[in-house]
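Raw model11.cif, mmCIF, N, CA and C atoms:
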```cif
data_query
#
loop_
_atom_site.label_atom_id
_atom_site.label_comp_id
_atom_site.auth_asym_id
_atom_site.auth_seq_id
_atom_site.Cartn_x
_atom_site.Cartn_y
_atom_site.Cartn_z
N MET A 1 0.84 -1.18 0.00
CA MET A 1 0.00 0.00 0.00
C MET A 1 0.89 1.24 0.00
N THR A 2 0.48 2.23 -0.76
CA THR A 2 1.22 3.48 -0.84
C THR A 2 0.95 4.32 0.40
N ASP A 3 1.98 4.95 0.90
CA ASP A 3 1.84 5.87 2.03
C ASP A 3 1.64 7.27 1.46
N ALA A 4 0.53 7.91 1.82
CA ALA A 4 0.20 9.24 1.28
C ALA A 4 1.28 10.26 1.57
N ARG A 5 2.04 10.07 2.65
CA ARG A 5 3.07 11.04 3.00
C ARG A 5 4.23 11.04 2.02
N THR A 6 4.36 10.00 1.19
CA THR A 6 5.46 9.94 0.24
C THR A 6 5.07 10.47 -1.14
N LEU A 7 3.80 10.82 -1.33
CA LEU A 7 3.35 11.31 -2.63
C LEU A 7 3.68 12.79 -2.78
N PRO A 8 4.18 13.21 -3.97
CA PRO A 8 4.34 14.65 -4.20
C PRO A 8 2.95 15.29 -4.23
N LEU A 9 2.83 16.47 -3.68
CA LEU A 9 1.52 17.10 -3.55
C LEU A 9 1.25 18.06 -4.71
N PRO A 10 0.24 17.77 -5.53
CA PRO A 10 -0.15 18.73 -6.57
C PRO A 10 -0.72 19.99 -5.92
N ALA A 11 -0.62 21.09 -6.62
CA ALA A 11 -1.11 22.37 -6.10
C ALA A 11 -2.64 22.42 -6.10
N ASP A 12 -3.27 21.81 -7.08
CA ASP A 12 -4.72 21.85 -7.23
C ASP A 12 -5.37 20.82 -6.29
N PRO A 13 -6.34 21.24 -5.46
CA PRO A 13 -6.95 20.29 -4.53
C PRO A 13 -7.67 19.13 -5.21
N VAL A 14 -8.26 19.35 -6.38
CA VAL A 14 -8.92 18.25 -7.09
C VAL A 14 -7.87 17.26 -7.58
N ASP A 15 -6.77 17.75 -8.12
CA ASP A 15 -5.70 16.85 -8.55
C ASP A 15 -5.14 16.06 -7.37
N ARG A 16 -5.02 16.72 -6.24
CA ARG A 16 -4.53 16.05 -5.04
C ARG A 16 -5.51 14.96 -4.61
N PHE A 17 -6.79 15.25 -4.64
CA PHE A 17 -7.81 14.26 -4.30
C PHE A 17 -7.73 13.08 -5.26
N LEU A 18 -7.66 13.34 -6.56
CA LEU A 18 -7.62 12.26 -7.55
C LEU A 18 -6.35 11.43 -7.41
N GLN A 19 -5.25 12.05 -7.05
CA GLN A 19 -4.01 11.32 -6.80
C GLN A 19 -4.19 10.36 -5.61
N THR A 20 -4.85 10.82 -4.59
CA THR A 20 -5.11 9.98 -3.42
C THR A 20 -6.05 8.83 -3.78
N VAL A 21 -7.05 9.10 -4.61
CA VAL A 21 -7.96 8.04 -5.07
C VAL A 21 -7.17 6.94 -5.78
N ARG A 22 -6.25 7.35 -6.65
CA ARG A 22 -5.46 6.36 -7.39
C ARG A 22 -4.53 5.58 -6.46
N ALA A 23 -3.96 6.25 -5.48
CA ALA A 23 -3.00 5.62 -4.59
C ALA A 23 -3.65 4.72 -3.54
N MET A 24 -4.84 5.12 -3.06
CA MET A 24 -5.47 4.41 -1.94
C MET A 24 -6.98 4.30 -2.11
N PRO A 25 -7.46 3.67 -3.19
CA PRO A 25 -8.89 3.67 -3.46
C PRO A 25 -9.74 3.01 -2.38
N ASP A 26 -9.21 2.04 -1.68
CA ASP A 26 -10.00 1.30 -0.69
C ASP A 26 -9.87 1.84 0.73
N ARG A 27 -9.09 2.88 0.91
CA ARG A 27 -8.94 3.47 2.24
C ARG A 27 -10.15 4.34 2.55
N THR A 28 -10.54 4.37 3.81
CA THR A 28 -11.68 5.18 4.25
C THR A 28 -11.37 6.66 4.04
N ALA A 29 -12.30 7.35 3.38
CA ALA A 29 -12.15 8.78 3.11
C ALA A 29 -13.07 9.62 3.98
N VAL A 30 -14.31 9.16 4.19
CA VAL A 30 -15.31 9.93 4.92
C VAL A 30 -16.10 8.99 5.83
N ILE A 31 -16.25 9.41 7.06
CA ILE A 31 -17.11 8.68 8.00
C ILE A 31 -18.24 9.63 8.37
N GLY A 32 -19.45 9.26 7.98
CA GLY A 32 -20.61 10.09 8.28
C GLY A 32 -21.49 9.44 9.33
N PRO A 33 -22.57 10.13 9.70
CA PRO A 33 -23.44 9.58 10.75
C PRO A 33 -24.15 8.29 10.33
N ASP A 34 -24.35 8.09 9.03
CA ASP A 34 -25.08 6.90 8.59
C ASP A 34 -24.34 6.06 7.55
N THR A 35 -23.16 6.49 7.11
CA THR A 35 -22.42 5.72 6.13
C THR A 35 -20.95 6.11 6.14
N THR A 36 -20.15 5.25 5.55
CA THR A 36 -18.72 5.49 5.39
C THR A 36 -18.39 5.32 3.92
N LEU A 37 -17.52 6.18 3.39
CA LEU A 37 -17.11 6.08 1.99
C LEU A 37 -15.62 5.87 1.89
N THR A 38 -15.21 4.99 0.95
CA THR A 38 -13.80 4.88 0.61
C THR A 38 -13.47 6.00 -0.37
N PHE A 39 -12.19 6.17 -0.66
CA PHE A 39 -11.81 7.18 -1.65
C PHE A 39 -12.42 6.85 -3.01
N ALA A 40 -12.49 5.57 -3.39
CA ALA A 40 -13.10 5.20 -4.67
C ALA A 40 -14.58 5.56 -4.70
N GLU A 41 -15.28 5.31 -3.60
CA GLU A 41 -16.71 5.66 -3.54
C GLU A 41 -16.92 7.16 -3.54
N LEU A 42 -16.07 7.88 -2.83
CA LEU A 42 -16.15 9.34 -2.84
C LEU A 42 -15.88 9.88 -4.24
N ASP A 43 -14.91 9.30 -4.93
CA ASP A 43 -14.61 9.69 -6.31
C ASP A 43 -15.83 9.47 -7.20
N ALA A 44 -16.49 8.32 -7.06
CA ALA A 44 -17.67 8.03 -7.88
C ALA A 44 -18.80 9.03 -7.60
N ARG A 45 -19.05 9.31 -6.34
CA ARG A 45 -20.13 10.25 -5.99
C ARG A 45 -19.82 11.67 -6.47
N THR A 46 -18.60 12.13 -6.25
CA THR A 46 -18.27 13.49 -6.68
C THR A 46 -18.24 13.59 -8.20
N GLY A 47 -17.78 12.54 -8.87
CA GLY A 47 -17.77 12.54 -10.33
C GLY A 47 -19.18 12.59 -10.90
N ASP A 48 -20.09 11.83 -10.27
CA ASP A 48 -21.48 11.82 -10.73
C ASP A 48 -22.12 13.19 -10.55
N LEU A 49 -21.96 13.77 -9.36
CA LEU A 49 -22.56 15.09 -9.11
C LEU A 49 -21.91 16.17 -9.98
N ALA A 50 -20.60 16.10 -10.17
CA ALA A 50 -19.93 17.08 -11.05
C ALA A 50 -20.49 16.98 -12.47
N GLY A 51 -20.76 15.77 -12.93
CA GLY A 51 -21.36 15.58 -14.25
C GLY A 51 -22.74 16.18 -14.34
N ARG A 52 -23.53 16.00 -13.27
CA ARG A 52 -24.88 16.58 -13.25
C ARG A 52 -24.81 18.11 -13.22
N LEU A 53 -23.87 18.64 -12.46
CA LEU A 53 -23.70 20.10 -12.43
C LEU A 53 -23.31 20.61 -13.81
N HIS A 54 -22.39 19.90 -14.45
CA HIS A 54 -21.96 20.28 -15.80
C HIS A 54 -23.15 20.26 -16.76
N ASP A 55 -24.00 19.22 -16.66
CA ASP A 55 -25.19 19.13 -17.51
C ASP A 55 -26.15 20.30 -17.29
N LEU A 56 -26.11 20.88 -16.10
CA LEU A 56 -26.95 22.04 -15.80
C LEU A 56 -26.30 23.36 -16.24
N GLY A 57 -25.11 23.25 -16.83
CA GLY A 57 -24.43 24.45 -17.31
C GLY A 57 -23.47 25.06 -16.30
N ILE A 58 -23.21 24.36 -15.20
CA ILE A 58 -22.29 24.87 -14.19
C ILE A 58 -20.86 24.55 -14.62
N GLY A 59 -19.99 25.55 -14.53
CA GLY A 59 -18.60 25.36 -14.93
C GLY A 59 -17.71 26.44 -14.36
N PRO A 60 -16.53 26.60 -14.95
CA PRO A 60 -15.58 27.60 -14.45
C PRO A 60 -16.21 28.99 -14.35
N GLY A 61 -15.96 29.64 -13.24
CA GLY A 61 -16.49 30.97 -13.00
C GLY A 61 -17.83 30.98 -12.29
N ASP A 62 -18.49 29.82 -12.21
CA ASP A 62 -19.78 29.75 -11.53
C ASP A 62 -19.59 29.45 -10.05
N ARG A 63 -20.63 29.72 -9.29
CA ARG A 63 -20.64 29.43 -7.85
C ARG A 63 -21.81 28.50 -7.56
N VAL A 64 -21.59 27.55 -6.67
CA VAL A 64 -22.63 26.59 -6.29
C VAL A 64 -22.89 26.75 -4.80
N GLY A 65 -24.10 27.11 -4.44
CA GLY A 65 -24.47 27.22 -3.03
C GLY A 65 -24.66 25.84 -2.43
N VAL A 66 -24.05 25.61 -1.30
CA VAL A 66 -24.16 24.31 -0.61
C VAL A 66 -24.70 24.57 0.79
N GLY A 67 -25.89 24.07 1.03
CA GLY A 67 -26.50 24.20 2.35
C GLY A 67 -26.92 22.84 2.85
N LEU A 68 -25.98 22.11 3.40
CA LEU A 68 -26.24 20.75 3.87
C LEU A 68 -25.76 20.59 5.30
N PRO A 69 -26.40 19.69 6.05
CA PRO A 69 -25.85 19.39 7.38
C PRO A 69 -24.55 18.60 7.22
N ARG A 70 -23.72 18.64 8.23
CA ARG A 70 -22.46 17.91 8.16
C ARG A 70 -22.74 16.42 8.01
N GLY A 71 -22.00 15.81 7.13
CA GLY A 71 -22.16 14.40 6.83
C GLY A 71 -21.47 14.10 5.51
N VAL A 72 -21.74 12.95 4.96
CA VAL A 72 -21.10 12.52 3.72
C VAL A 72 -21.39 13.49 2.58
N ASP A 73 -22.65 13.89 2.42
CA ASP A 73 -22.99 14.80 1.31
C ASP A 73 -22.32 16.16 1.46
N TRP A 74 -22.07 16.57 2.70
CA TRP A 74 -21.38 17.83 2.95
C TRP A 74 -19.96 17.79 2.40
N VAL A 75 -19.36 16.62 2.32
CA VAL A 75 -18.03 16.47 1.73
C VAL A 75 -18.14 16.33 0.21
N VAL A 76 -19.14 15.61 -0.26
CA VAL A 76 -19.31 15.36 -1.70
C VAL A 76 -19.57 16.65 -2.47
N ALA A 77 -20.46 17.50 -1.96
CA ALA A 77 -20.90 18.68 -2.71
C ALA A 77 -19.77 19.66 -3.07
N PRO A 78 -18.93 20.09 -2.11
CA PRO A 78 -17.86 21.01 -2.50
C PRO A 78 -16.86 20.38 -3.48
N LEU A 79 -16.51 19.11 -3.25
CA LEU A 79 -15.60 18.45 -4.19
C LEU A 79 -16.19 18.38 -5.59
N ALA A 80 -17.49 18.09 -5.67
CA ALA A 80 -18.15 18.02 -6.97
C ALA A 80 -18.17 19.38 -7.65
N ALA A 81 -18.43 20.44 -6.88
CA ALA A 81 -18.41 21.78 -7.46
C ALA A 81 -17.04 22.09 -8.02
N TRP A 82 -15.99 21.77 -7.26
CA TRP A 82 -14.62 22.00 -7.74
C TRP A 82 -14.33 21.18 -8.98
N ARG A 83 -14.78 19.92 -8.99
CA ARG A 83 -14.53 19.07 -10.16
C ARG A 83 -15.25 19.61 -11.40
N ALA A 84 -16.37 20.29 -11.19
CA ALA A 84 -17.09 20.91 -12.32
C ALA A 84 -16.43 22.22 -12.74
N GLY A 85 -15.43 22.67 -11.97
CA GLY A 85 -14.72 23.90 -12.31
C GLY A 85 -15.28 25.11 -11.59
N ALA A 86 -16.29 24.91 -10.77
CA ALA A 86 -16.95 26.02 -10.08
C ALA A 86 -16.40 26.18 -8.67
N ALA A 87 -16.82 27.23 -8.03
CA ALA A 87 -16.53 27.45 -6.62
C ALA A 87 -17.76 27.05 -5.83
N TYR A 88 -17.56 26.65 -4.58
CA TYR A 88 -18.73 26.39 -3.75
C TYR A 88 -18.85 27.50 -2.72
N VAL A 89 -20.10 27.82 -2.40
CA VAL A 89 -20.39 28.86 -1.42
C VAL A 89 -21.19 28.21 -0.31
N PRO A 90 -20.61 28.11 0.90
CA PRO A 90 -21.38 27.52 1.99
C PRO A 90 -22.55 28.41 2.35
N SER A 91 -23.70 27.81 2.52
CA SER A 91 -24.91 28.55 2.87
C SER A 91 -25.16 28.41 4.36
N THR A 92 -25.48 29.51 4.99
CA THR A 92 -25.80 29.49 6.41
C THR A 92 -27.31 29.56 6.62
N ARG A 93 -28.04 29.59 5.55
CA ARG A 93 -29.50 29.65 5.66
C ARG A 93 -30.02 28.32 6.15
N PRO A 94 -31.00 28.34 7.04
CA PRO A 94 -31.59 27.07 7.47
C PRO A 94 -32.37 26.43 6.33
N THR A 95 -32.40 25.11 6.31
CA THR A 95 -33.15 24.40 5.29
C THR A 95 -34.64 24.54 5.61
N PRO A 96 -35.47 24.90 4.61
CA PRO A 96 -36.89 25.05 4.87
C PRO A 96 -37.50 23.69 5.27
N PRO A 97 -38.53 23.68 6.11
CA PRO A 97 -39.15 22.42 6.47
C PRO A 97 -39.81 21.77 5.26
N PRO A 98 -39.95 20.44 5.26
CA PRO A 98 -40.60 19.76 4.12
C PRO A 98 -41.99 20.33 3.85
N GLY A 99 -42.29 20.52 2.59
CA GLY A 99 -43.60 21.02 2.19
C GLY A 99 -43.71 22.52 2.12
N SER A 100 -42.69 23.24 2.62
CA SER A 100 -42.76 24.69 2.54
C SER A 100 -42.08 25.15 1.26
N PRO A 101 -42.40 26.35 0.80
CA PRO A 101 -41.72 26.82 -0.42
C PRO A 101 -40.21 26.92 -0.19
N ALA A 102 -39.46 26.56 -1.20
CA ALA A 102 -37.99 26.61 -1.09
C ALA A 102 -37.54 28.04 -0.91
N SER A 103 -36.53 28.22 -0.09
CA SER A 103 -35.99 29.56 0.10
C SER A 103 -35.32 30.00 -1.20
N PRO A 104 -35.29 31.29 -1.46
CA PRO A 104 -34.65 31.75 -2.69
C PRO A 104 -33.15 31.46 -2.67
N PRO A 105 -32.57 31.14 -3.82
CA PRO A 105 -31.13 30.86 -3.85
C PRO A 105 -30.31 32.11 -3.57
N THR A 106 -29.09 31.89 -3.15
CA THR A 106 -28.16 32.98 -2.96
C THR A 106 -27.91 33.62 -4.32
N PRO A 107 -27.93 34.94 -4.45
CA PRO A 107 -27.73 35.58 -5.75
C PRO A 107 -26.43 35.11 -6.41
N GLY A 108 -26.53 34.73 -7.68
CA GLY A 108 -25.36 34.32 -8.44
C GLY A 108 -24.94 32.89 -8.20
N CYS A 109 -25.70 32.11 -7.46
CA CYS A 109 -25.32 30.74 -7.13
C CYS A 109 -26.36 29.75 -7.66
N ALA A 110 -25.87 28.62 -8.14
CA ALA A 110 -26.75 27.49 -8.40
C ALA A 110 -27.00 26.83 -7.05
N ARG A 111 -28.11 26.21 -6.89
CA ARG A 111 -28.42 25.60 -5.60
C ARG A 111 -28.49 24.09 -5.73
N TRP A 112 -27.84 23.39 -4.79
CA TRP A 112 -27.91 21.93 -4.78
C TRP A 112 -28.41 21.48 -3.46
#
```
Entire entry expressed as structure tokens:
Amino acid sequence: MTDARTLPLPADPVDRFLQTVRAMPDRTAVIGPDTTLTFAELDARTGDLAGRLHDLGIGPGDRVGVGLPRGVDWVVAPLAAWRAGAAYVPSTRPTPPPGSPASPPTPGCARW
């Protein structure tokens, strides 16, 4: 098994993440309240969401608002935004209760 401390560190955080995925795909990457993801699983989830963001027209220069409770998805969303070439903007707005009208998005941000 490769030791992450011996890998040269790319400057780009997405490249660094992908390098870690290649070096240690089966190592635990995220432990959430209801699930655990390996680096390979995290790669698959972020790649899928980045593709969906891209299909929605999100790319370099765009911002993606992320308003999620801490957990696995809280890690997936920013990585996916970066993989799509966008920036993520953490939202401090509370999530509306189920059945209520969605709160308006942050100006200039796509909402996920």
Subject >> Residues selected by the PyMOL selection byres ((chain A and resi 71-87) around 5), written as a VMD selection string >> reply: chain A and resid 32 46 50 59 to 64 69 to 70 88 to 89
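Taking the backbone of this structure through DSSP, the residues of range 30-89 of chain A that come out as alpha helix (DSSP H) are Phe39, Ala40, Glu41, Leu42, Asp43, Ala44, Arg45, Thr46, Gly47, Asp48, Leu49, Ala50, Gly51, Arg52, Leu53, His54, Asp55, Val72, Asp73, Trp74, Val75, Val76, Ala77, Pro78, Leu79, Ala80, Ala81, Trp82 and Arg83 of chain A.
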**OP:** Can you work out the spacing between atom N of Met24 in chain A and atom N of Arg52 in chain A in Å, to one decimal?
**Re:** 23.9 Å
Original post:
So which residues touch Thr38 in chain A within 6.5 Å, counting all atoms listed in the file, skipping near sequence neighbours fewer than 5 positions away, as a PyMOL selection string?
Top reply: chain A and resi 25-30+43
**OP:** Please give the complete set of residues from range 13-108 of chain A that DSSP, run on the backbone, assigns to strand (DSSP E or B), formatted as a PyMOL selection string.
**Re:** chain A and resi 28-31+36-38+63-66+87-90
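Each of A:Pro90, A:Arg22, A:Ala40, A:Ala11 was checked against Gly67 in chain A using only C-alpha atoms; the smallest atom-to-atom distance is that of A:Pro90.
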Original post:
Separation of atom N of Glu41 in chain A and atom N of Phe17 in chain A, in Å?
Top reply: 13.1 Å
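The space separating CA of Leu68 in chain A from CA of Pro33 in chain A comes to 13.4 Å.
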